[in-house]
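Working notes, structure below.
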Amino acid sequence: MVAAGCAFPQALGATVASSPFRVAVINDEISQDFERACQVASGFGMKWVELRGMWNKNILDLDANQVTESLRLLKKYDLRVTDIGSPLFKVGFPGAPKSKFSPKHDEFNAHFGSTQQDAVIEKCIEMAKKFSTDRVRCFDFWRLDDPKPYRAEINETLRKAAEKVGKQGLVLVLENEMSCNTGTGKESAEVLAAVKTPAFMLNWDPGNAATLGEVPYPNGYDLLPKNRIGHCHCKDATKNGDKYDWAAMGKGIIDWVGQFRALKKDGYHYAVSLETHWRGAGTPEESTKQSWAGMKDELQKAGAI
């Protein structure tokens with residue numbers, strides 16, 4: 001049951017369930033307490049969550065008991081898993097100059113280095129099977145000032161990884177990430193054209209594209225092959241001069257109503273997953289609740305719930 005003092009409209013579940021999309025939230029955007037994250041997601045009326053980490057551990061680091069407990073909680077709150085939000089290839093590309101985006105500390109409790117990526121792939125496959133999802137999220141290495149000399153090698157790395165997971169009945173979804181080498185819709189379209197493996201799709205993130213100065217919808221989206229979009233992250237952004245900040249859904253510069261409407265029209269039926277990032281409400285949970293309120297309103301205006 002949802003904790004006292006945290007009531008949600010009872011009719012909302014049926015509304016969300018009517019969406020052509022798998023309406024979801026990334027669990028650790030709510031809380032590192034996985035049960036609390038599941039409570040809130042269920043209270044939103046959602047039937048899906050995206051897994052990135054819980055209990056201050058990256059999803060790939062969960063031990064057998066924690067996996068068992070996670071599965072128990074997912075069943076308790078009637079939630080399914082959209083994908084494994086892994087940190088695969090969110091590292092420096094071997095042999096390339098050190099990127100200015102390379103973090104000075106671990107992100108999302110991920111600590112895997114460049115030499116560990118083969119093991120990361122194997123762990124992703126293992127976790128995808130345990131959590132009964134067919135999707136694994138990846139990146140394409142920390143962003144280089146000039147990726148051209150390395151782009152063919154990066155694409156080949158992505159192709160090999162996609163073929164490896166594809167043999168297991170899984171799909172690799174590349175997130176366009178502003179701190180990695182594919183950040184915009186334009187760059188995403190170029191990579192998809194180069195890596196034609198059916199098991200390789202895009203995790204379309206309009207928020208990330210916006211921070212690189214692209215108008216994600218309609219400009220970036222119009223460049224994308226619609227049948228290669230396999231996942232979608234939902235967050236908003238504001239712009240002040242040359243500076244971008246995260247915003248609650250509906251409070252930023254991205255035309256999410258238009259984006260949701262276009263995804264529905266183009267037959268997209270995978271996840272639209274809330275990745276709040278904004279912390280303006282003080283806590284991750286409250287910020288996510290406010291961002292979900294905006295996202296729900298935009299989905300309704302788009303005729304997608």
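Ligands are numbered from 1 in the order shown, residues from 1 within each chain, and chains are lettered A, B, ... in the order they appear in the structure tokens.
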
As a PyMOL selection string, please: every residue in stretch 43-256 of chain A that a backbone DSSP assignment puts in strand (DSSP E).
chain A and resi 48-51+53-54+57-58+80-88+135-138+171-175+200-204+229-234+236-240+243-247

Any chance you could tabulate, as CSV, the residues of stretch 33-149 of chain A at most 6 Å from stretch 179-202 of chain A with each one's nearest atom pair and distance in Å to one decimal, using only C-alpha atoms, in chain and rising number order?
residue,atom,partner,partner_atom,distance
A:Phe101,CA,A:Ser179,CA,5.7
A:Asp140,CA,A:Asn181,CA,5.9
A:Phe141,CA,A:Cys180,CA,5.4
A:Trp142,CA,A:Cys180,CA,4.3
A:Arg143,CA,A:Cys180,CA,4.0

Counting only C-alpha atoms, which residues of stretch 233-271 of chain A fall within 10 Å of stretch 206-217 of chain A, and what is the closest atom pair for each with its distance in Å at one decimal, ordered by chain and rising number, as a Markdown table?
| residue | atom | partner | partner_atom | distance |
| --- | --- | --- | --- | --- |
| A:His233 | CA | A:Pro206 | CA | 7.4 |
| A:Cys234 | CA | A:Gly207 | CA | 7.0 |
| A:Lys235 | CA | A:Gly207 | CA | 5.5 |
| A:Asp236 | CA | A:Gly207 | CA | 5.5 |
| A:Ala237 | CA | A:Gly207 | CA | 6.2 |
| A:Thr238 | CA | A:Thr211 | CA | 8.8 |
| A:Lys239 | CA | A:Thr211 | CA | 8.3 |
| A:Asp242 | CA | A:Gly213 | CA | 8.8 |
| A:Lys243 | CA | A:Thr211 | CA | 8.2 |
| A:Tyr244 | CA | A:Thr211 | CA | 5.9 |
| A:Asp245 | CA | A:Thr211 | CA | 8.2 |
| A:Trp246 | CA | A:Gly207 | CA | 8.2 |
| A:Ala247 | CA | A:Gly207 | CA | 9.5 |
| A:Met249 | CA | A:Gly207 | CA | 9.9 |
| A:Gly252 | CA | A:Gly207 | CA | 9.5 |
| A:Ile253 | CA | A:Ala210 | CA | 8.4 |
| A:Ile254 | CA | A:Tyr217 | CA | 7.1 |
| A:Asp255 | CA | A:Tyr217 | CA | 6.3 |
| A:Trp256 | CA | A:Tyr217 | CA | 7.8 |
| A:Val257 | CA | A:Tyr217 | CA | 9.7 |
| A:Gly258 | CA | A:Tyr217 | CA | 7.2 |
| A:Gln259 | CA | A:Tyr217 | CA | 6.0 |
| A:Phe260 | CA | A:Tyr217 | CA | 9.8 |
| A:Ala262 | CA | A:Tyr217 | CA | 9.1 |

Generate the output file for the selected residues, C-alpha atoms, as a JSON list (two decimals), in the first residue's frame.
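Writing done, so here's part.json:
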[["chain", "number", "residue", "atom", "x", "y", "z"],
["A", 233, "HIS", "CA", 13.44, 9.46, -21.77],
["A", 234, "CYS", "CA", 11.29, 12.34, -20.58],
["A", 235, "LYS", "CA", 12.73, 15.42, -18.90],
["A", 236, "ASP", "CA", 12.51, 19.13, -19.58],
["A", 237, "ALA", "CA", 15.03, 21.96, -19.67],
["A", 238, "THR", "CA", 15.22, 25.74, -19.46],
["A", 239, "LYS", "CA", 17.66, 28.07, -21.18],
["A", 242, "ASP", "CA", 23.99, 29.88, -23.11],
["A", 243, "LYS", "CA", 23.23, 27.97, -19.92],
["A", 244, "TYR", "CA", 20.76, 25.11, -19.65],
["A", 245, "ASP", "CA", 19.15, 23.78, -16.48],
["A", 246, "TRP", "CA", 16.75, 20.91, -15.89],
["A", 247, "ALA", "CA", 13.10, 21.69, -15.34],
["A", 249, "MET", "CA", 8.09, 18.42, -17.30],
["A", 252, "GLY", "CA", 10.70, 24.05, -19.90],
["A", 253, "ILE", "CA", 11.38, 24.75, -23.55],
["A", 254, "ILE", "CA", 10.65, 21.33, -25.05],
["A", 255, "ASP", "CA", 7.41, 20.78, -26.96],
["A", 256, "TRP", "CA", 6.53, 17.53, -25.23],
["A", 257, "VAL", "CA", 2.88, 17.68, -26.27],
["A", 258, "GLY", "CA", 4.00, 17.77, -29.90],
["A", 259, "GLN", "CA", 6.59, 15.06, -29.25],
["A", 260, "PHE", "CA", 4.12, 12.70, -27.59],
["A", 262, "ALA", "CA", 4.16, 12.57, -33.01]]

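Selecting helix (DSSP H, G or I) from the backbone DSSP output for stretch 173-205 of chain A yields Gly185, Lys186, Glu187, Ser188, Ala189, Glu190, Val191, Leu192, Ala193 and Ala194 of chain A.
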
12 Å contact set for A:Ser287, only C-alpha atoms, chain neighbours under 5 positions out, as an MDAnalysis selection string:
chainID A and resid 29:31 235 246:249 274:282 292:294

Could you save the residues just selected, with C-alpha atoms, as an mmCIF file, in the first residue's frame?
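Written out: selection-v3.cif:
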data_model
loop_
_atom_site.group_PDB
_atom_site.id
_atom_site.type_symbol
_atom_site.label_atom_id
_atom_site.label_comp_id
_atom_site.auth_asym_id
_atom_site.auth_seq_id
_atom_site.Cartn_x
_atom_site.Cartn_y
_atom_site.Cartn_z
ATOM 1 C CA GLU A 29 14.893 9.334 -9.656
ATOM 2 C CA ILE A 30 12.395 8.788 -6.817
ATOM 3 C CA SER A 31 14.445 7.081 -4.128
ATOM 4 C CA LYS A 235 12.726 15.415 -18.898
ATOM 5 C CA TRP A 246 16.748 20.908 -15.895
ATOM 6 C CA ALA A 247 13.097 21.689 -15.337
ATOM 7 C CA ALA A 248 9.960 19.838 -14.343
ATOM 8 C CA MET A 249 8.090 18.416 -17.302
ATOM 9 C CA LEU A 274 10.333 9.954 -16.679
ATOM 10 C CA GLU A 275 13.953 10.832 -15.907
ATOM 11 C CA THR A 276 13.306 13.779 -13.621
ATOM 12 C CA HIS A 277 16.857 15.138 -13.053
ATOM 13 C CA TRP A 278 15.282 18.428 -11.868
ATOM 14 C CA ARG A 279 15.496 18.833 -8.085
ATOM 15 C CA GLY A 280 13.667 22.135 -7.667
ATOM 16 C CA ALA A 281 11.085 20.716 -5.262
ATOM 17 C CA GLY A 282 13.759 19.926 -2.704
ATOM 18 C CA TRP A 292 5.069 13.577 -13.313
ATOM 19 C CA ALA A 293 2.135 15.954 -12.891
ATOM 20 C CA GLY A 294 3.460 17.969 -15.843
#

Show me a table, sorted first by chain and then by increasing residue number, of the residues of stretch 16-60 of chain A having an atom at most 12 Å from stretch 124-132 of chain A, each with its shortest atom pair and the distance in Å to one decimal, counting only C-alpha atoms and written as CSV.
residue,atom,partner,partner_atom,distance
A:Trp48,CA,A:Phe131,CA,11.8
A:Val49,CA,A:Phe131,CA,11.0
A:Glu50,CA,A:Phe131,CA,10.5
A:Leu51,CA,A:Phe131,CA,9.3
A:Arg52,CA,A:Met127,CA,11.1
A:Gly53,CA,A:Met127,CA,11.8
A:Asn58,CA,A:Cys124,CA,11.4
A:Ile59,CA,A:Met127,CA,8.0
A:Leu60,CA,A:Cys124,CA,6.8

Could you dump the residues just selected with N, CA and C atoms as a PDB file, in the first residue's frame?
ATOM      1  N   TRP A  48       5.019   0.212 -15.270  1.00  0.00           N
ATOM      2  CA  TRP A  48       6.380  -0.017 -15.739  1.00  0.00           C
ATOM      3  C   TRP A  48       7.359   0.863 -14.982  1.00  0.00           C
ATOM      4  N   VAL A  49       8.563   0.341 -14.750  1.00  0.00           N
ATOM      5  CA  VAL A  49       9.663   1.133 -14.209  1.00  0.00           C
ATOM      6  C   VAL A  49      10.936   0.804 -14.995  1.00  0.00           C
ATOM      7  N   GLU A  50      11.815   1.777 -15.028  1.00  0.00           N
ATOM      8  CA  GLU A  50      13.140   1.586 -15.623  1.00  0.00           C
ATOM      9  C   GLU A  50      14.136   1.446 -14.479  1.00  0.00           C
ATOM     10  N   LEU A  51      14.977   0.436 -14.531  1.00  0.00           N
ATOM     11  CA  LEU A  51      15.900   0.151 -13.428  1.00  0.00           C
ATOM     12  C   LEU A  51      17.301   0.676 -13.718  1.00  0.00           C
ATOM     13  N   ARG A  52      17.812   1.525 -12.817  1.00  0.00           N
ATOM     14  CA  ARG A  52      19.175   2.041 -12.936  1.00  0.00           C
ATOM     15  C   ARG A  52      20.005   1.707 -11.702  1.00  0.00           C
ATOM     16  N   GLY A  53      19.376   1.710 -10.548  1.00  0.00           N
ATOM     17  CA  GLY A  53      20.086   1.373  -9.322  1.00  0.00           C
ATOM     18  C   GLY A  53      19.155   1.458  -8.132  1.00  0.00           C
ATOM     19  N   ASN A  58      24.614   0.306  -8.139  1.00  0.00           N
ATOM     20  CA  ASN A  58      24.244   0.250  -9.539  1.00  0.00           C
ATOM     21  C   ASN A  58      23.507  -1.049  -9.813  1.00  0.00           C
ATOM     22  N   ILE A  59      22.585  -1.025 -10.768  1.00  0.00           N
ATOM     23  CA  ILE A  59      21.798  -2.207 -11.097  1.00  0.00           C
ATOM     24  C   ILE A  59      22.676  -3.423 -11.379  1.00  0.00           C
ATOM     25  N   LEU A  60      23.849  -3.193 -11.950  1.00  0.00           N
ATOM     26  CA  LEU A  60      24.724  -4.318 -12.300  1.00  0.00           C
ATOM     27  C   LEU A  60      25.443  -4.903 -11.093  1.00  0.00           C
TER      28      LEU A  60
END

What's around A:Lys296 at 12 Å? Count only C-alpha atoms, leave out sequence neighbours fewer than 2 positions away in its own chain, and write the answer as a ChimeraX atom specification.
/A:12-13,15-16,19,23-25,44-46,234,248-250,256-257,260,272-274,288-294,298-305

Output for the residues just chosen: N, CA and C atoms as a JSON list (two decimals), in the first residue's frame:
[["chain", "number", "residue", "atom", "x", "y", "z"],
["A", 12, "LEU", "N", -6.52, 7.25, -11.76],
["A", 12, "LEU", "CA", -5.37, 7.53, -12.61],
["A", 12, "LEU", "C", -4.83, 6.28, -13.27],
["A", 13, "GLY", "N", -4.84, 5.14, -12.53],
["A", 13, "GLY", "CA", -4.25, 3.93, -13.07],
["A", 13, "GLY", "C", -4.85, 3.54, -14.42],
["A", 15, "THR", "N", -6.27, 5.45, -16.50],
["A", 15, "THR", "CA", -5.90, 6.45, -17.50],
["A", 15, "THR", "C", -4.53, 6.14, -18.07],
["A", 16, "VAL", "N", -3.56, 5.91, -17.22],
["A", 16, "VAL", "CA", -2.21, 5.61, -17.66],
["A", 16, "VAL", "C", -2.18, 4.29, -18.44],
["A", 19, "SER", "N", -2.67, 4.25, -22.25],
["A", 19, "SER", "CA", -1.69, 4.87, -23.15],
["A", 19, "SER", "C", -1.16, 3.86, -24.17],
["A", 23, "VAL", "N", 4.21, 3.77, -20.02],
["A", 23, "VAL", "CA", 4.49, 4.96, -19.20],
["A", 23, "VAL", "C", 5.25, 4.51, -17.95],
["A", 24, "ALA", "N", 6.44, 5.09, -17.75],
["A", 24, "ALA", "CA", 7.35, 4.59, -16.73],
["A", 24, "ALA", "C", 8.11, 5.73, -16.05],
["A", 25, "VAL", "N", 8.87, 5.36, -15.04],
["A", 25, "VAL", "CA", 9.76, 6.29, -14.36],
["A", 25, "VAL", "C", 11.04, 5.52, -14.02],
["A", 44, "PHE", "N", 1.42, 6.52, -9.08],
["A", 44, "PHE", "CA", 1.25, 7.31, -10.30],
["A", 44, "PHE", "C", 0.31, 6.62, -11.30],
["A", 45, "GLY", "N", 0.00, 5.35, -11.04],
["A", 45, "GLY", "CA", -0.80, 4.58, -11.98],
["A", 45, "GLY", "C", 0.03, 3.82, -12.99],
["A", 46, "MET", "N", 1.34, 3.84, -12.81],
["A", 46, "MET", "CA", 2.24, 3.20, -13.77],
["A", 46, "MET", "C", 2.29, 1.69, -13.57],
["A", 234, "CYS", "N", 12.09, 11.12, -20.67],
["A", 234, "CYS", "CA", 11.29, 12.34, -20.58],
["A", 234, "CYS", "C", 11.80, 13.24, -19.46],
["A", 248, "ALA", "N", 11.05, 20.80, -14.41],
["A", 248, "ALA", "CA", 9.96, 19.84, -14.34],
["A", 248, "ALA", "C", 9.30, 19.75, -15.71],
["A", 249, "MET", "N", 8.81, 18.58, -16.04],
["A", 249, "MET", "CA", 8.09, 18.42, -17.30],
["A", 249, "MET", "C", 6.96, 19.45, -17.39],
["A", 250, "GLY", "N", 6.88, 20.12, -18.54],
["A", 250, "GLY", "CA", 5.87, 21.13, -18.73],
["A", 250, "GLY", "C", 6.30, 22.52, -18.33],
["A", 256, "TRP", "N", 6.82, 18.93, -25.52],
["A", 256, "TRP", "CA", 6.53, 17.53, -25.23],
["A", 256, "TRP", "C", 5.15, 17.11, -25.72],
["A", 257, "VAL", "N", 4.20, 18.03, -25.74],
["A", 257, "VAL", "CA", 2.88, 17.68, -26.27],
["A", 257, "VAL", "C", 3.02, 17.28, -27.75],
["A", 260, "PHE", "N", 4.97, 13.85, -27.91],
["A", 260, "PHE", "CA", 4.12, 12.70, -27.59],
["A", 260, "PHE", "C", 3.11, 12.44, -28.71],
["A", 272, "VAL", "N", 7.89, 5.55, -22.50],
["A", 272, "VAL", "CA", 8.17, 6.97, -22.26],
["A", 272, "VAL", "C", 8.45, 7.04, -20.76],
["A", 273, "SER", "N", 9.73, 7.20, -20.43],
["A", 273, "SER", "CA", 10.20, 6.99, -19.06],
["A", 273, "SER", "C", 10.64, 8.31, -18.44],
["A", 274, "LEU", "N", 10.00, 8.70, -17.36],
["A", 274, "LEU", "CA", 10.33, 9.95, -16.68],
["A", 274, "LEU", "C", 11.72, 9.86, -16.03],
["A", 288, "THR", "N", 10.08, 14.55, -8.50],
["A", 288, "THR", "CA", 9.55, 13.59, -9.48],
["A", 288, "THR", "C", 8.03, 13.65, -9.51],
["A", 289, "LYS", "N", 7.40, 13.81, -8.35],
["A", 289, "LYS", "CA", 5.93, 13.93, -8.32],
["A", 289, "LYS", "C", 5.48, 15.14, -9.12],
["A", 290, "GLN", "N", 6.16, 16.27, -8.92],
["A", 290, "GLN", "CA", 5.77, 17.48, -9.65],
["A", 290, "GLN", "C", 6.05, 17.34, -11.15],
["A", 291, "SER", "N", 7.16, 16.70, -11.49],
["A", 291, "SER", "CA", 7.47, 16.49, -12.90],
["A", 291, "SER", "C", 6.48, 15.52, -13.53],
["A", 292, "TRP", "N", 6.07, 14.51, -12.80],
["A", 292, "TRP", "CA", 5.07, 13.58, -13.31],
["A", 292, "TRP", "C", 3.74, 14.29, -13.56],
["A", 293, "ALA", "N", 3.38, 15.21, -12.69],
["A", 293, "ALA", "CA", 2.14, 15.95, -12.89],
["A", 293, "ALA", "C", 2.17, 16.69, -14.24],
["A", 294, "GLY", "N", 3.32, 17.29, -14.56],
["A", 294, "GLY", "CA", 3.46, 17.97, -15.84],
["A", 294, "GLY", "C", 3.45, 16.99, -17.01],
["A", 298, "GLU", "N", 0.79, 16.66, -20.16],
["A", 298, "GLU", "CA", 1.22, 16.71, -21.56],
["A", 298, "GLU", "C", 0.76, 15.46, -22.32],
["A", 299, "LEU", "N", 0.83, 14.31, -21.67],
["A", 299, "LEU", "CA", 0.33, 13.09, -22.30],
["A", 299, "LEU", "C", -1.16, 13.20, -22.59],
["A", 300, "GLN", "N", -1.90, 13.78, -21.66],
["A", 300, "GLN", "CA", -3.34, 13.95, -21.86],
["A", 300, "GLN", "C", -3.62, 14.91, -23.03],
["A", 301, "LYS", "N", -2.88, 16.02, -23.08],
["A", 301, "LYS", "CA", -3.08, 16.99, -24.16],
["A", 301, "LYS", "C", -2.72, 16.39, -25.53],
["A", 302, "ALA", "N", -1.78, 15.44, -25.52],
["A", 302, "ALA", "CA", -1.37, 14.78, -26.77],
["A", 302, "ALA", "C", -2.29, 13.63, -27.15],
["A", 303, "GLY", "N", -3.27, 13.35, -26.30],
["A", 303, "GLY", "CA", -4.16, 12.22, -26.58],
["A", 303, "GLY", "C", -3.50, 10.88, -26.38],
["A", 304, "ALA", "N", -2.48, 10.86, -25.49],
["A", 304, "ALA", "CA", -1.70, 9.63, -25.29],
["A", 304, "ALA", "C", -2.00, 8.94, -23.95],
["A", 305, "ILE", "N", -2.93, 9.49, -23.19],
["A", 305, "ILE", "CA", -3.52, 8.78, -22.06],
["A", 305, "ILE", "C", -4.98, 9.22, -21.96]]

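The shortest atom-to-atom distance to A:Glu122, with only C-alpha atoms taken into account, belongs to A:Gln168 out of A:Phe139, A:Gln168, A:Lys251, A:Leu144.
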
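Shortest separation to A:Ser42 among A:Leu74, A:Trp55, A:Met295, A:Asp61 occurs at residue A:Leu74, atoms counted being only C-alpha atoms.
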
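You will find atom CA of A:Gly85 at 7.6 Å from atom CA of A:Cys138.
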
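Here the question is which of A:Glu156, A:Asp146, A:Glu285, A:Glu175 gets nearest to A:Pro97 using only C-alpha atoms, and that residue is A:Asp146.
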